[in-house]
file my_file-v1.txt (compact mmCIF, C-alpha atoms)
# COMPACT_ATOMS: atom_id res chain seq x y z
CA MET A 378 -5.48 -51.73 -56.89
CA SER A 379 -7.85 -54.71 -56.32
CA ASN A 380 -9.67 -56.42 -59.19
CA SER A 381 -12.97 -54.92 -58.03
CA GLU A 382 -11.45 -51.43 -57.87
CA SER A 383 -10.03 -51.94 -61.34
CA LEU A 384 -13.43 -52.97 -62.71
CA TYR A 385 -15.08 -50.02 -60.99
CA HIS A 386 -12.64 -47.59 -62.60
CA MET A 387 -13.20 -49.33 -65.94
CA ASN A 388 -16.92 -48.66 -65.50
CA GLN A 389 -16.18 -45.03 -64.73
CA ASN A 390 -13.96 -44.66 -67.78
CA ALA A 391 -16.52 -46.35 -70.02
CA ILE A 392 -19.10 -43.65 -69.30
CA PRO A 393 -18.00 -40.07 -69.92
CA SER A 394 -18.67 -37.85 -66.92
CA ALA A 395 -19.52 -34.91 -69.14
CA THR A 396 -21.20 -34.80 -72.53
CA PRO A 397 -21.70 -31.91 -74.89
CA PRO A 398 -24.83 -29.84 -74.27
CA VAL A 399 -27.95 -30.83 -76.16
CA VAL A 400 -28.25 -28.92 -79.43
CA PRO A 401 -31.88 -27.81 -79.94
CA LEU A 402 -33.56 -28.97 -83.13
CA ALA A 403 -35.19 -26.67 -85.64
CA PHE A 404 -38.52 -28.49 -85.55
CA ASP A 405 -41.68 -27.13 -87.14
CA PRO A 406 -44.91 -28.92 -86.09
CA LYS A 407 -47.08 -26.96 -88.55
CA PRO A 408 -46.99 -29.46 -91.48
CA LEU A 409 -48.20 -32.24 -89.20
CA LEU A 410 -50.87 -30.02 -87.62
CA ASP A 411 -52.13 -28.91 -91.02
CA THR A 412 -52.60 -32.45 -92.33
CA ALA A 413 -53.81 -34.10 -89.10
CA VAL A 414 -57.16 -35.89 -89.08
CA VAL A 415 -59.76 -36.62 -86.40
CA ILE A 416 -60.79 -40.28 -86.55
CA GLN A 417 -64.38 -41.04 -85.53
CA SER A 418 -65.12 -44.40 -87.18
CA THR A 419 -63.61 -47.86 -87.22
CA GLU A 420 -63.22 -47.68 -90.99
CA ASP A 421 -61.24 -44.43 -90.82
CA LEU A 422 -59.10 -45.86 -88.01
CA ALA A 423 -58.23 -48.96 -90.04
CA ARG A 424 -57.47 -46.82 -93.10
CA PHE A 425 -55.16 -44.50 -91.13
CA LEU A 426 -53.28 -47.38 -89.50
CA ASP A 427 -52.84 -49.10 -92.87
CA GLY A 428 -51.22 -45.89 -94.11
CA ILE A 429 -48.63 -45.81 -91.31
CA ALA A 430 -47.91 -49.56 -91.06
CA ASP A 431 -44.32 -49.05 -92.25
CA THR A 432 -43.41 -46.41 -89.63
CA ASP A 433 -40.45 -46.97 -87.32
CA VAL A 434 -41.85 -44.88 -84.45
CA ILE A 435 -45.19 -43.59 -83.25
CA GLY A 436 -45.67 -40.89 -80.62
CA VAL A 437 -48.71 -41.49 -78.42
CA ASP A 438 -50.48 -39.40 -75.80
CA THR A 439 -53.84 -39.88 -74.13
CA GLU A 440 -56.35 -37.63 -72.40
CA SER A 441 -58.77 -38.66 -69.69
CA ALA A 442 -61.67 -36.95 -67.96
CA GLY A 443 -60.82 -38.79 -64.72
CA PHE A 444 -60.68 -35.48 -62.85
CA TYR A 445 -64.39 -35.02 -63.58
CA ARG A 446 -65.72 -38.57 -64.00
CA TYR A 447 -66.09 -41.52 -61.64
CA ARG A 448 -65.00 -44.02 -64.26
CA ALA A 449 -61.59 -43.02 -65.50
CA THR A 450 -61.09 -44.08 -69.09
CA VAL A 451 -59.27 -42.97 -72.21
CA ASN A 452 -61.30 -40.16 -73.78
CA LEU A 453 -58.81 -39.20 -76.49
CA ILE A 454 -55.78 -40.80 -78.15
CA GLN A 455 -53.33 -38.62 -80.06
CA VAL A 456 -50.78 -40.27 -82.36
CA SER A 457 -48.02 -39.01 -84.62
CA THR A 458 -45.43 -40.59 -86.88
CA ARG A 459 -42.70 -38.66 -88.67
CA THR A 460 -45.10 -37.67 -91.43
CA ARG A 461 -48.70 -38.09 -90.24
CA ALA A 462 -50.71 -37.22 -87.15
CA ALA A 463 -54.23 -37.99 -85.98
CA ILE A 464 -56.62 -37.81 -83.07
CA ILE A 465 -58.55 -41.00 -82.35
CA ASP A 466 -61.86 -40.44 -80.56
CA PRO A 467 -62.70 -43.58 -78.50
CA GLN A 468 -66.13 -42.11 -77.70
CA ALA A 469 -67.00 -42.15 -81.40
CA VAL A 470 -65.11 -45.22 -82.67
CA SER A 471 -67.27 -48.20 -81.74
CA ASP A 472 -64.65 -50.86 -82.51
CA LEU A 473 -61.00 -50.17 -81.64
CA SER A 474 -59.74 -53.61 -82.64
CA PRO A 475 -57.57 -52.20 -85.50
CA LEU A 476 -55.62 -50.25 -82.87
CA ARG A 477 -55.31 -53.28 -80.55
CA GLU A 478 -53.97 -55.35 -83.44
CA PHE A 479 -51.52 -52.70 -84.67
CA PRO A 480 -48.58 -53.70 -82.41
CA ARG A 481 -48.75 -57.21 -83.90
CA ARG A 482 -48.73 -55.83 -87.45
CA CYS A 483 -46.08 -53.14 -86.99
CA ALA A 484 -42.86 -53.54 -84.99
CA CYS A 485 -42.50 -49.79 -84.47
CA GLN A 486 -41.46 -48.23 -81.18
CA TRP A 487 -44.24 -46.49 -79.23
CA ILE A 488 -43.14 -43.21 -77.64
CA PHE A 489 -44.74 -41.86 -74.47
CA HIS A 490 -43.98 -39.19 -71.92
CA GLY A 491 -44.76 -40.97 -68.67
CA ALA A 492 -45.43 -44.43 -70.09
CA GLY A 493 -46.48 -45.73 -66.68
CA TYR A 494 -49.73 -43.79 -67.04
CA ASP A 495 -50.46 -43.73 -70.78
CA ALA A 496 -49.38 -47.26 -71.71
CA GLY A 497 -51.07 -48.57 -68.55
CA ALA A 498 -54.31 -46.78 -69.40
CA LEU A 499 -54.29 -48.07 -72.99
CA PHE A 500 -53.91 -51.64 -71.74
CA ARG A 501 -56.35 -51.32 -68.84
CA TYR A 502 -59.21 -49.65 -70.73
CA LEU A 503 -58.63 -50.71 -74.35
CA GLY A 504 -56.65 -53.96 -74.10
CA LEU A 505 -53.77 -52.46 -76.09
CA GLU A 506 -50.56 -54.33 -75.25
CA ILE A 507 -47.29 -52.60 -76.16
CA ALA A 508 -43.97 -54.43 -75.92
CA ASN A 509 -41.59 -51.90 -77.49
CA LEU A 510 -41.75 -48.43 -75.97
CA PHE A 511 -39.64 -45.34 -75.31
CA ASP A 512 -40.34 -42.97 -72.41
CA THR A 513 -39.06 -39.45 -73.05
CA ARG A 514 -39.39 -38.43 -69.40
CA LEU A 515 -37.33 -41.33 -68.09
CA ALA A 516 -34.85 -40.90 -70.95
CA ALA A 517 -34.35 -37.24 -70.00
CA GLU A 518 -33.74 -38.25 -66.37
CA LEU A 519 -31.23 -40.95 -67.33
CA ALA A 520 -29.49 -38.47 -69.63
CA GLY A 521 -29.02 -36.08 -66.70
CA LEU A 522 -31.20 -33.29 -68.07
CA LYS A 523 -32.75 -30.76 -65.72
CA GLU A 524 -35.89 -30.43 -67.86
CA LEU A 525 -38.21 -33.41 -67.34
CA GLY A 526 -41.68 -32.06 -68.13
CA LEU A 527 -42.90 -32.44 -71.70
CA GLY A 528 -43.53 -28.71 -72.04
CA SER A 529 -40.08 -27.84 -70.72
CA LEU A 530 -38.38 -30.35 -73.02
CA ALA A 531 -40.30 -29.14 -76.08
CA GLU A 532 -39.47 -25.50 -75.37
CA ALA A 533 -35.80 -26.13 -74.55
CA TYR A 534 -34.93 -28.58 -77.34
CA LEU A 535 -37.57 -28.18 -80.07
CA GLY A 536 -38.00 -24.42 -79.86
CA PHE A 537 -41.73 -24.18 -79.24
CA PRO A 538 -43.76 -24.10 -76.01
CA LEU A 539 -46.71 -26.34 -75.22
CA ASP A 540 -49.70 -24.39 -73.93
CA LYS A 541 -50.95 -26.30 -70.85
CA LYS A 542 -54.07 -24.20 -70.19
CA LEU A 543 -56.30 -27.12 -71.21
CA GLN A 544 -54.54 -29.67 -68.99
CA ARG A 545 -57.59 -29.99 -66.70
CA CYS A 546 -60.09 -29.80 -69.53
CA ASP A 547 -63.08 -32.17 -69.44
CA TRP A 548 -61.94 -34.46 -72.24
CA SER A 549 -65.25 -36.31 -72.32
CA ARG A 550 -66.90 -33.13 -73.67
CA ARG A 551 -68.04 -33.18 -77.28
CA PRO A 552 -67.72 -31.72 -79.84
CA LEU A 553 -63.97 -31.24 -79.58
CA THR A 554 -62.99 -27.61 -79.98
CA PRO A 555 -60.13 -26.51 -82.28
CA GLY A 556 -58.15 -25.63 -79.16
CA MET A 557 -58.62 -29.13 -77.70
CA ILE A 558 -57.55 -30.72 -80.99
CA LYS A 559 -54.41 -28.60 -81.33
CA TYR A 560 -53.47 -29.11 -77.68
CA GLY A 561 -53.78 -32.88 -77.99
CA LEU A 562 -51.94 -33.12 -81.30
CA LEU A 563 -48.94 -31.07 -80.19
CA ASP A 564 -48.32 -33.36 -77.19
CA ALA A 565 -48.01 -36.33 -79.55
CA ILE A 566 -46.22 -34.55 -82.42
CA CYS A 567 -43.30 -33.40 -80.27
CA LEU A 568 -42.59 -36.92 -78.97
CA VAL A 569 -40.92 -38.22 -82.16
CA PRO A 570 -38.19 -35.54 -82.45
CA LEU A 571 -37.64 -35.61 -78.67
CA ARG A 572 -37.16 -39.37 -78.81
CA ASP A 573 -34.57 -39.03 -81.58
CA LEU A 574 -32.69 -36.32 -79.69
CA LEU A 575 -32.73 -38.17 -76.34
CA ARG A 576 -31.87 -41.53 -77.85
CA GLN A 577 -28.80 -40.05 -79.52
CA ARG A 578 -27.72 -38.36 -76.29
CA LEU A 579 -28.09 -41.60 -74.32
CA ALA A 580 -26.08 -43.44 -76.96
CA ASP A 581 -23.33 -40.79 -76.81
CA GLN A 582 -23.25 -41.13 -73.01
CA GLY A 583 -23.10 -44.92 -73.05
CA ARG A 584 -26.46 -45.08 -71.26
CA LEU A 585 -28.79 -46.35 -73.98
CA GLY A 586 -28.63 -49.86 -72.52
CA TRP A 587 -29.79 -48.48 -69.17
CA ALA A 588 -32.80 -46.90 -70.82
CA GLU A 589 -33.70 -50.00 -72.83
CA GLU A 590 -33.74 -52.12 -69.68
CA GLU A 591 -35.96 -49.58 -67.93
CA PHE A 592 -38.30 -49.37 -70.94
CA ALA A 593 -38.72 -53.15 -70.99
CA ILE A 594 -39.71 -53.06 -67.31
CA LEU A 595 -42.15 -50.20 -67.97
CA ALA A 596 -43.78 -52.18 -70.79
CA ALA A 597 -44.24 -55.19 -68.48
CA ASP A 598 -45.54 -53.02 -65.62
CA ALA A 599 -48.12 -51.38 -67.91
CA ARG A 600 -50.04 -54.67 -67.81
CA HIS A 601 -50.50 -54.35 -64.05
CA GLY A 602 -52.53 -51.23 -63.28
CA PRO A 603 -53.32 -49.81 -59.82
CA ALA A 604 -55.71 -51.78 -57.65
CA ASP A 605 -59.33 -50.64 -57.58
CA HIS A 606 -60.35 -49.06 -54.29
CA ALA A 607 -63.08 -51.72 -54.04
CA ASP A 608 -60.30 -54.09 -52.98
CA ASP A 609 -59.18 -51.75 -50.18
CA PRO A 610 -61.21 -52.08 -46.96
CA PHE A 611 -59.81 -48.75 -45.76
CA ALA A 612 -60.36 -46.69 -48.91
CA PHE A 613 -62.68 -44.43 -46.90
CA VAL A 614 -59.77 -43.19 -44.77
CA ILE A 615 -59.33 -39.95 -46.69
CA LYS A 616 -56.75 -37.30 -45.83
CA GLY A 617 -57.46 -35.99 -42.35
CA ALA A 618 -59.20 -39.16 -41.10
CA SER A 619 -56.32 -41.30 -39.86
CA ARG A 620 -56.47 -39.90 -36.29
CA MET A 621 -60.24 -39.97 -35.93
CA PRO A 622 -61.79 -41.93 -33.02
CA PRO A 623 -63.29 -45.34 -33.95
CA ARG A 624 -66.91 -44.14 -33.72
CA GLN A 625 -66.29 -41.21 -36.07
CA LEU A 626 -64.52 -43.58 -38.47
CA ALA A 627 -67.61 -45.79 -38.51
CA VAL A 628 -69.75 -42.81 -39.51
CA LEU A 629 -67.19 -41.71 -42.09
CA LYS A 630 -67.20 -45.18 -43.63
CA GLU A 631 -70.99 -45.11 -44.07
CA VAL A 632 -71.22 -41.60 -45.56
CA TRP A 633 -68.18 -42.23 -47.81
CA THR A 634 -69.82 -45.44 -49.08
CA LEU A 635 -73.05 -43.54 -49.82
CA ARG A 636 -71.14 -40.82 -51.70
CA ASP A 637 -69.25 -43.44 -53.69
CA ARG A 638 -72.48 -45.19 -54.71
CA ILE A 639 -74.07 -41.90 -55.82
CA ALA A 640 -70.95 -40.77 -57.68
CA ARG A 641 -70.76 -44.11 -59.49
CA ALA A 642 -74.40 -43.82 -60.60
CA MET A 643 -73.85 -40.23 -61.79
CA ASP A 644 -70.43 -41.02 -63.32
CA ARG A 645 -68.98 -37.98 -61.54
CA ALA A 646 -65.78 -37.67 -59.54
CA PRO A 647 -66.73 -38.30 -55.87
CA PHE A 648 -65.24 -35.00 -54.64
CA MET A 649 -67.60 -33.18 -57.02
CA VAL A 650 -70.61 -34.88 -55.40
CA VAL A 651 -69.62 -34.08 -51.80
CA ALA A 652 -66.25 -32.56 -50.91
CA ASN A 653 -63.93 -34.51 -48.61
CA PRO A 654 -63.92 -31.75 -45.93
CA ALA A 655 -67.72 -32.07 -45.73
CA LEU A 656 -67.47 -35.83 -45.13
CA LEU A 657 -64.93 -35.27 -42.35
CA GLU A 658 -67.13 -32.65 -40.69
CA ILE A 659 -70.18 -34.92 -40.89
CA ALA A 660 -68.21 -37.73 -39.24
CA ARG A 661 -67.05 -35.43 -36.46
CA GLN A 662 -70.42 -33.77 -35.75
CA MET A 663 -72.79 -36.66 -36.65
CA PRO A 664 -75.77 -34.31 -37.26
CA ARG A 665 -79.14 -36.07 -36.97
CA SER A 666 -81.31 -33.46 -38.72
CA LEU A 667 -81.39 -31.90 -42.17
CA ALA A 668 -80.88 -28.51 -40.52
CA GLY A 669 -77.71 -29.81 -38.89
CA LEU A 670 -76.50 -31.17 -42.23
CA ALA A 671 -77.26 -27.85 -43.93
CA ALA A 672 -74.91 -26.14 -41.46
CA ILE A 673 -71.99 -28.31 -42.60
CA SER A 674 -69.39 -26.35 -44.58
CA HIS A 675 -69.03 -27.31 -48.27
CA MET A 676 -72.39 -29.12 -48.20
CA SER A 677 -74.48 -28.59 -51.35
CA ALA A 678 -78.11 -27.65 -50.88
CA GLU A 679 -78.93 -29.53 -54.11
CA PHE A 680 -77.29 -32.69 -52.76
CA LEU A 681 -79.28 -32.41 -49.50
CA ARG A 682 -82.51 -31.91 -51.44
CA ARG A 683 -81.90 -35.08 -53.45
CA HIS A 684 -80.11 -37.29 -50.95
CA GLY A 685 -80.63 -35.79 -47.49
CA LYS A 686 -82.72 -38.72 -46.21
CA GLU A 687 -80.13 -41.23 -47.45
CA LEU A 688 -77.38 -39.22 -45.76
CA GLN A 689 -79.28 -39.21 -42.47
CA ALA A 690 -79.71 -42.99 -42.72
CA ALA A 691 -76.00 -43.43 -43.41
CA ILE A 692 -75.09 -41.37 -40.33
CA LYS A 693 -77.51 -43.48 -38.24
CA ARG A 694 -75.93 -46.71 -39.52
CA GLY A 695 -72.48 -45.41 -38.64
CA CYS A 696 -73.61 -44.47 -35.11
CA GLU A 697 -75.02 -47.96 -34.56
CA ALA A 698 -72.29 -49.98 -36.29
CA GLU A 699 -69.24 -51.53 -34.68
CA PRO A 700 -66.54 -48.87 -34.12
CA VAL A 701 -63.85 -48.95 -36.82
CA ARG A 702 -60.29 -49.41 -35.64
CA LEU A 703 -57.50 -48.88 -38.15
CA PRO A 704 -54.57 -51.30 -38.25
CA ALA A 705 -51.50 -50.12 -36.39
CA PRO A 706 -48.88 -48.45 -38.61
CA GLY A 707 -46.68 -51.08 -40.21
CA ASP A 708 -49.06 -54.02 -39.66
CA ASP A 709 -49.01 -54.72 -43.40
CA ARG A 710 -45.25 -54.37 -43.74
CA ARG A 711 -42.35 -56.63 -42.95
CA ARG A 712 -41.25 -56.24 -39.36
CA ASP A 713 -37.48 -56.23 -39.81
CA LEU A 714 -35.28 -55.68 -36.83
CA PRO A 715 -33.77 -52.20 -36.68
CA PRO A 716 -30.26 -51.97 -38.20
CA THR A 717 -27.22 -52.76 -36.13
CA ASN A 718 -24.65 -50.03 -35.67
CA TRP A 719 -22.45 -51.76 -38.25
CA GLU A 720 -25.31 -51.99 -40.78
CA ALA A 721 -26.19 -48.35 -40.28
CA GLU A 722 -22.57 -47.28 -40.79
CA MET A 723 -22.20 -49.51 -43.86
CA THR A 724 -25.44 -48.12 -45.33
CA HIS A 725 -24.05 -44.62 -44.85
CA ARG A 726 -20.80 -45.53 -46.64
CA LEU A 727 -22.69 -47.21 -49.50
CA ARG A 728 -24.84 -44.09 -49.83
CA GLU A 729 -21.75 -41.89 -50.03
CA LEU A 730 -20.38 -44.09 -52.81
CA ARG A 731 -23.67 -43.94 -54.69
CA ASP A 732 -23.96 -40.17 -54.26
CA ARG A 733 -20.44 -39.58 -55.63
CA GLU A 734 -21.24 -41.62 -58.71
CA ALA A 735 -24.59 -39.85 -59.17
CA ALA A 736 -22.87 -36.46 -58.95
CA ARG A 737 -20.32 -37.54 -61.55
CA LEU A 738 -23.07 -38.72 -63.89
CA GLN A 739 -25.31 -35.73 -63.05
CA VAL A 740 -28.36 -37.87 -62.27
CA PRO A 741 -30.54 -38.07 -59.12
CA PRO A 742 -28.94 -40.51 -56.61
CA PRO A 743 -32.10 -42.67 -56.17
CA LEU A 744 -31.92 -43.44 -59.89
CA LEU A 745 -28.76 -45.46 -59.21
CA ALA A 746 -29.88 -47.18 -55.99
CA SER A 747 -32.63 -46.56 -53.46
CA SER A 748 -31.93 -46.06 -49.75
CA HIS A 749 -33.80 -49.29 -49.05
CA ALA A 750 -31.63 -51.20 -51.54
CA LEU A 751 -28.47 -49.84 -49.90
CA PHE A 752 -29.64 -51.01 -46.47
CA GLU A 753 -30.42 -54.45 -47.89
CA VAL A 754 -26.86 -54.66 -49.23
CA ALA A 755 -25.51 -53.85 -45.76
CA ARG A 756 -27.88 -56.33 -44.13
CA HIS A 757 -27.30 -59.27 -46.50
CA ARG A 758 -23.61 -58.55 -47.23
CA PRO A 759 -23.52 -60.29 -50.68
CA ALA A 760 -20.16 -61.78 -51.57
CA SER A 761 -20.58 -61.89 -55.36
CA LEU A 762 -22.42 -60.19 -58.19
CA ASP A 763 -24.70 -63.23 -58.44
CA GLU A 764 -25.68 -62.83 -54.79
CA LEU A 765 -26.21 -59.11 -55.30
CA ARG A 766 -28.41 -59.80 -58.31
CA ALA A 767 -30.38 -62.46 -56.43
CA MET A 768 -31.46 -59.84 -53.88
CA GLY A 769 -33.84 -58.45 -56.52
CA GLU A 770 -33.18 -54.83 -55.53
CA PHE A 771 -31.18 -53.70 -58.58
CA ARG A 772 -31.47 -53.46 -62.34
CA ASN A 773 -28.72 -55.12 -64.37
CA TRP A 774 -27.37 -51.71 -65.41
CA GLN A 775 -27.20 -50.59 -61.79
CA ILE A 776 -25.23 -53.71 -60.87
CA GLY A 777 -22.89 -53.12 -63.81
CA LEU A 778 -22.32 -49.57 -62.69
CA LEU A 779 -21.93 -49.99 -58.92
CA GLY A 780 -21.90 -53.71 -58.13
CA GLU A 781 -18.15 -54.25 -57.98
CA ALA A 782 -17.66 -51.08 -55.94
CA PHE A 783 -20.29 -52.22 -53.42
CA LEU A 784 -18.67 -55.65 -53.08
CA ASP A 785 -15.22 -54.10 -52.71
CA LEU A 786 -16.46 -51.83 -49.91
CA LEU A 787 -18.06 -54.77 -48.10
CA GLN A 788 -14.92 -56.89 -48.44
CA LYS A 789 -12.62 -54.16 -47.14
CA SER A 790 -14.92 -53.51 -44.19
CA GLY A 791 -14.79 -57.09 -43.02
CA PRO A 792 -17.48 -58.88 -40.98
CA PRO A 793 -19.41 -56.90 -38.39
CA PRO A 794 -17.97 -57.04 -34.88
CA ALA A 795 -19.68 -59.43 -32.48
CA SER A 796 -20.50 -56.50 -30.20
CA SER A 797 -22.31 -54.52 -32.87
CA GLY A 798 -25.62 -53.75 -31.17
CA ARG A 799 -28.88 -52.77 -32.81
CA ARG A 800 -29.82 -49.13 -33.07
CA ARG A 801 -32.86 -48.01 -31.16
CA GLY A 802 -36.17 -47.59 -32.93
CA ARG A 803 -37.72 -49.49 -35.76
CA ARG A 804 -36.66 -48.80 -39.31
CA ARG A 805 -39.47 -48.34 -41.77
CA SER A 806 -39.03 -50.87 -44.51
CA GLY A 807 -39.97 -50.08 -48.11
CA ARG A 808 -40.21 -52.07 -51.29
CA GLY A 809 -39.12 -51.55 -54.84
CA SER A 810 -35.83 -50.61 -56.42
CA ARG A 811 -36.29 -46.92 -57.01
CA PRO A 812 -38.08 -45.07 -54.21
CA THR A 813 -36.88 -41.62 -53.29
CA GLY A 814 -34.04 -41.21 -50.82

call {"tool": "encode", "arguments": {"input": "my_file-v1.txt", "output": "structure tokens"}}
result
Amino acid sequence: MSNSESLYHMNQNAIPSATPPVVPLAFDPKPLLDTAVVIQSTEDLARFLDGIADTDVIGVDTESAGFYRYRATVNLIQVSTRTRAAIIDPQAVSDLSPLREFPRRCACQWIFHGAGYDAGALFRYLGLEIANLFDTRLAAELAGLKELGLGSLAEAYLGFPLDKKLQRCDWSRRPLTPGMIKYGLLDAICLVPLRDLLRQRLADQGRLGWAEEEFAILAADARHGPADHADDPFAFVIKGASRMPPRQLAVLKEVWTLRDRIARAMDRAPFMVVANPALLEIARQMPRSLAGLAAISHMSAEFLRRHGKELQAAIKRGCEAEPVRLPAPGDDRRRDLPPTNWEAEMTHRLRELRDREAARLQVPPPLLASSHALFEVARHRPASLDELRAMGEFRNWQIGLLGEAFLDLLQKSGPPPASSGRRRGRRRSGRGSRPTG
């Protein structure tokens, strides 16, 4: 057995392939629900945070009315420690600085379910920077659980279901109803016991270090939210538009821009102002009269009454503007050569190795290494762990788990033959270390 094979088997032995099933907790949320408060002033917020400054963990969930509003923001913040819970109303609290300062005062761990959204929203809209977090969804995935949704986890391991009927509620609506308050509180209250349960399971599996590395990356990524569509010159290319002729695209761009301006002024989601199918039909038919516009499916008579003249002007501008030509697919991507036969075969063998390990650990294969990362290994053929790490495609825990096995496979396979030709077609290149595949 080679040294790399020996290290690989040591890695396998260090992580048990099977762990005992998760034992559900007997958790009762009622005491926290009964004593929870709704915070609507800066003074009450500061007082509540002073009272929990010694907590070790805080479960956090947010609600947004982004489905209904143009300007997505945080409309509700639900928090829970082991002993106290509260709803913070950002629409009522004029100064949220006590919350922004809390991470500097208290070294507790912030628990989210889907931290990429909630922690990102708290930083983007409120300036709240969180360095120490725990993501129950990612933890469940790393632990090999089948249940990943918050409702499924709460029902399976805490013994109570989460009613999701209010998931698409307009969270900017006031006053908050008792149902909205209970719904929001339960999402935060269940995070603390789920974190304890999942953290213990990860520790028992030898995977807690994996999770901690991922959580640190999530915390850093939360400071870099998605780009605003104002920075995208092709944001108007909605679903169904990519194959439109250039003249129709020019019309679509003008009517989409008009809708966006009106939606921004009304603070309403653009699709609620004019539906996307209506924009597509306008671009295809280019009606010049109000009667022609009224015949468009999904077109609101109220919208035409208020903005019909503007819409006609937008269509006219699109008809007279320069035709819009979309960039060819892949113009904004790296144009790598297609893989050679040897690279394709090596990628296949690396994938088989990854898939066997994923099956043993009972986790999704892309969690261990993406298809793109496997191809990059075959293409660059790293000769050491340092070279593998320098590729920037893998987490440290992924390298510790599979790095030696990858290098051993490359070494045994030898250099590619001089006659190894390139496969036909162009491979689509992706980025990132954990896409699907």

call {"tool": "closest_residue", "arguments": {"input": "my_file-v1.txt", "among": "A:Val400, A:Ala735, A:Ala678, A:Ala691", "to": "Leu574 (chain A)", "atoms": "only C-alpha atoms"}}
result
A:Val400

call {"tool": "residues_around", "arguments": {"input": "my_file-v1.txt", "residues": "Leu765 (chain A)", "least_positions_apart": "5", "cutoff": "9 Å", "atoms": "only C-alpha atoms", "output": "MDAnalysis selection string"}}
result
chainID A and resid 754 757:760 770:771 776 780 784

call {"tool": "residues_around", "arguments": {"input": "my_file-v1.txt", "residues": "Cys485 (chain A)", "least_positions_apart": "6", "cutoff": "8 Å", "atoms": "only C-alpha atoms", "output": "PyMOL selection string"}}
result
chain A and resi 432-435+509

call {"tool": "residues_around", "arguments": {"input": "my_file-v1.txt", "residues": "His725 (chain A)", "least_positions_apart": "5", "cutoff": "10 Å", "atoms": "all atoms listed in the file", "output": "list in words"}}
result
Trp719, Glu720, Leu730, Arg731, Ser748, Leu751, Phe752 and Ala755 of chain A

call {"tool": "residues_around", "arguments": {"input": "my_file-v1.txt", "residues": "region 533-539 of chain A", "least_positions_apart": "3", "cutoff": "10 Å", "atoms": "all atoms listed in the file", "output": "PyMOL selection string"}}
result
chain A and resi 399-406+524+527-530+542+560+563-564+567+570-571+574-575

call {"tool": "residues_around", "arguments": {"input": "my_file-v1.txt", "residues": "Ser674 (chain A)", "least_positions_apart": "6", "cutoff": "12 Å", "atoms": "all atoms listed in the file", "output": "list of chain:residue names"}}
result
A:Val651, A:Ala652, A:Asn653, A:Pro654, A:Ala655, A:Leu656, A:Leu657, A:Glu658, A:Ile659, A:Gln662

call {"tool": "closest_residue", "arguments": {"input": "my_file-v1.txt", "among": "A:Ile639, A:Ala531, A:Leu585, A:Leu543", "to": "Leu515 (chain A)", "atoms": "only C-alpha atoms"}}
result
A:Leu585

call {"tool": "residues_near_point", "arguments": {"input": "my_file-v1.txt", "point": "(-46.9, -50.7, -90.7)", "cutoff": "8 Å", "atoms": "only C-alpha atoms", "output": "PyMOL selection string"}}
result
chain A and resi 426-432+479+482-485

call {"tool": "atom_distance", "arguments": {"input": "my_file-v1.txt", "atom1": "CA of Glu420 (chain A)", "atom2": "CA of Ser474 (chain A)"}}
result
10.8 Å

call {"tool": "atom_distance", "arguments": {"input": "my_file-v1.txt", "atom1": "CA of Arg481 (chain A)", "atom2": "CA of Ile507 (chain A)"}}
result
9.1 Å

call {"tool": "atom_distance", "arguments": {"input": "my_file-v1.txt", "atom1": "CA of Ile692 (chain A)", "atom2": "CA of Val628 (chain A)"}}
result
5.6 Å

call {"tool": "axis_aligned_box", "arguments": {"input": "my_file-v1.txt", "around": "region 489-499 of chain A", "padding_each_side": "3 Å", "output": "JSON"}}
result
{"center_x": -49.1, "center_y": -43.9, "center_z": -70.6, "size_x": 16.3, "size_y": 15.4, "size_z": 13.8}

call {"tool": "residues_near_point", "arguments": {"input": "my_file-v1.txt", "point": "(-59.7, -36.5, -79.9)", "cutoff": "12 Å", "atoms": "all atoms listed in the file", "output": "JSON, numbers by chain"}}
result
{"A": [413, 414, 415, 416, 417, 438, 439, 440, 441, 451, 452, 453, 454, 455, 456, 462, 463, 464, 465, 466, 467, 468, 469, 470, 547, 548, 549, 550, 551, 552, 553, 554, 555, 556, 557, 558, 559, 560, 561, 562, 565]}

call {"tool": "closest_residue", "arguments": {"input": "my_file-v1.txt", "among": "A:Arg665, A:Arg514, A:His601, A:His749", "to": "Gln689 (chain A)", "atoms": "all atoms listed in the file"}}
result
A:Arg665

call {"tool": "closest_residue", "arguments": {"input": "my_file-v1.txt", "among": "A:Ala782, A:Leu787, A:Ala671, A:Leu503", "to": "Thr724 (chain A)", "atoms": "only C-alpha atoms"}}
result
A:Leu787

call {"tool": "closest_residue", "arguments": {"input": "my_file-v1.txt", "among": "A:Arg600, A:Arg728, A:Arg683, A:Arg477", "to": "Pro743 (chain A)", "atoms": "all atoms listed in the file"}}
result
A:Arg728

call {"tool": "decode", "arguments": {"input": "my_file-v1.txt", "residues": "region 484-496 of chain A", "atoms": "C-alpha atoms", "output": "mmCIF file, in the first residue's frame"}}
result
data_model
loop_
_atom_site.group_PDB
_atom_site.id
_atom_site.type_symbol
_atom_site.label_atom_id
_atom_site.label_comp_id
_atom_site.auth_asym_id
_atom_site.auth_seq_id
_atom_site.Cartn_x
_atom_site.Cartn_y
_atom_site.Cartn_z
ATOM 1 C CA ALA A 484 -19.358 36.788 21.502
ATOM 2 C CA CYS A 485 -22.361 34.483 21.113
ATOM 3 C CA GLN A 486 -22.945 32.319 18.063
ATOM 4 C CA TRP A 487 -25.705 33.492 15.708
ATOM 5 C CA ILE A 488 -27.852 30.642 14.375
ATOM 6 C CA PHE A 489 -29.600 30.830 11.006
ATOM 7 C CA HIS A 490 -31.329 28.441 8.660
ATOM 8 C CA GLY A 491 -29.966 29.519 5.296
ATOM 9 C CA ALA A 492 -27.424 32.068 6.530
ATOM 10 C CA GLY A 493 -26.600 33.114 2.977
ATOM 11 C CA TYR A 494 -29.943 34.926 2.821
ATOM 12 C CA ASP A 495 -30.623 36.074 6.386
ATOM 13 C CA ALA A 496 -27.104 37.100 7.426
#
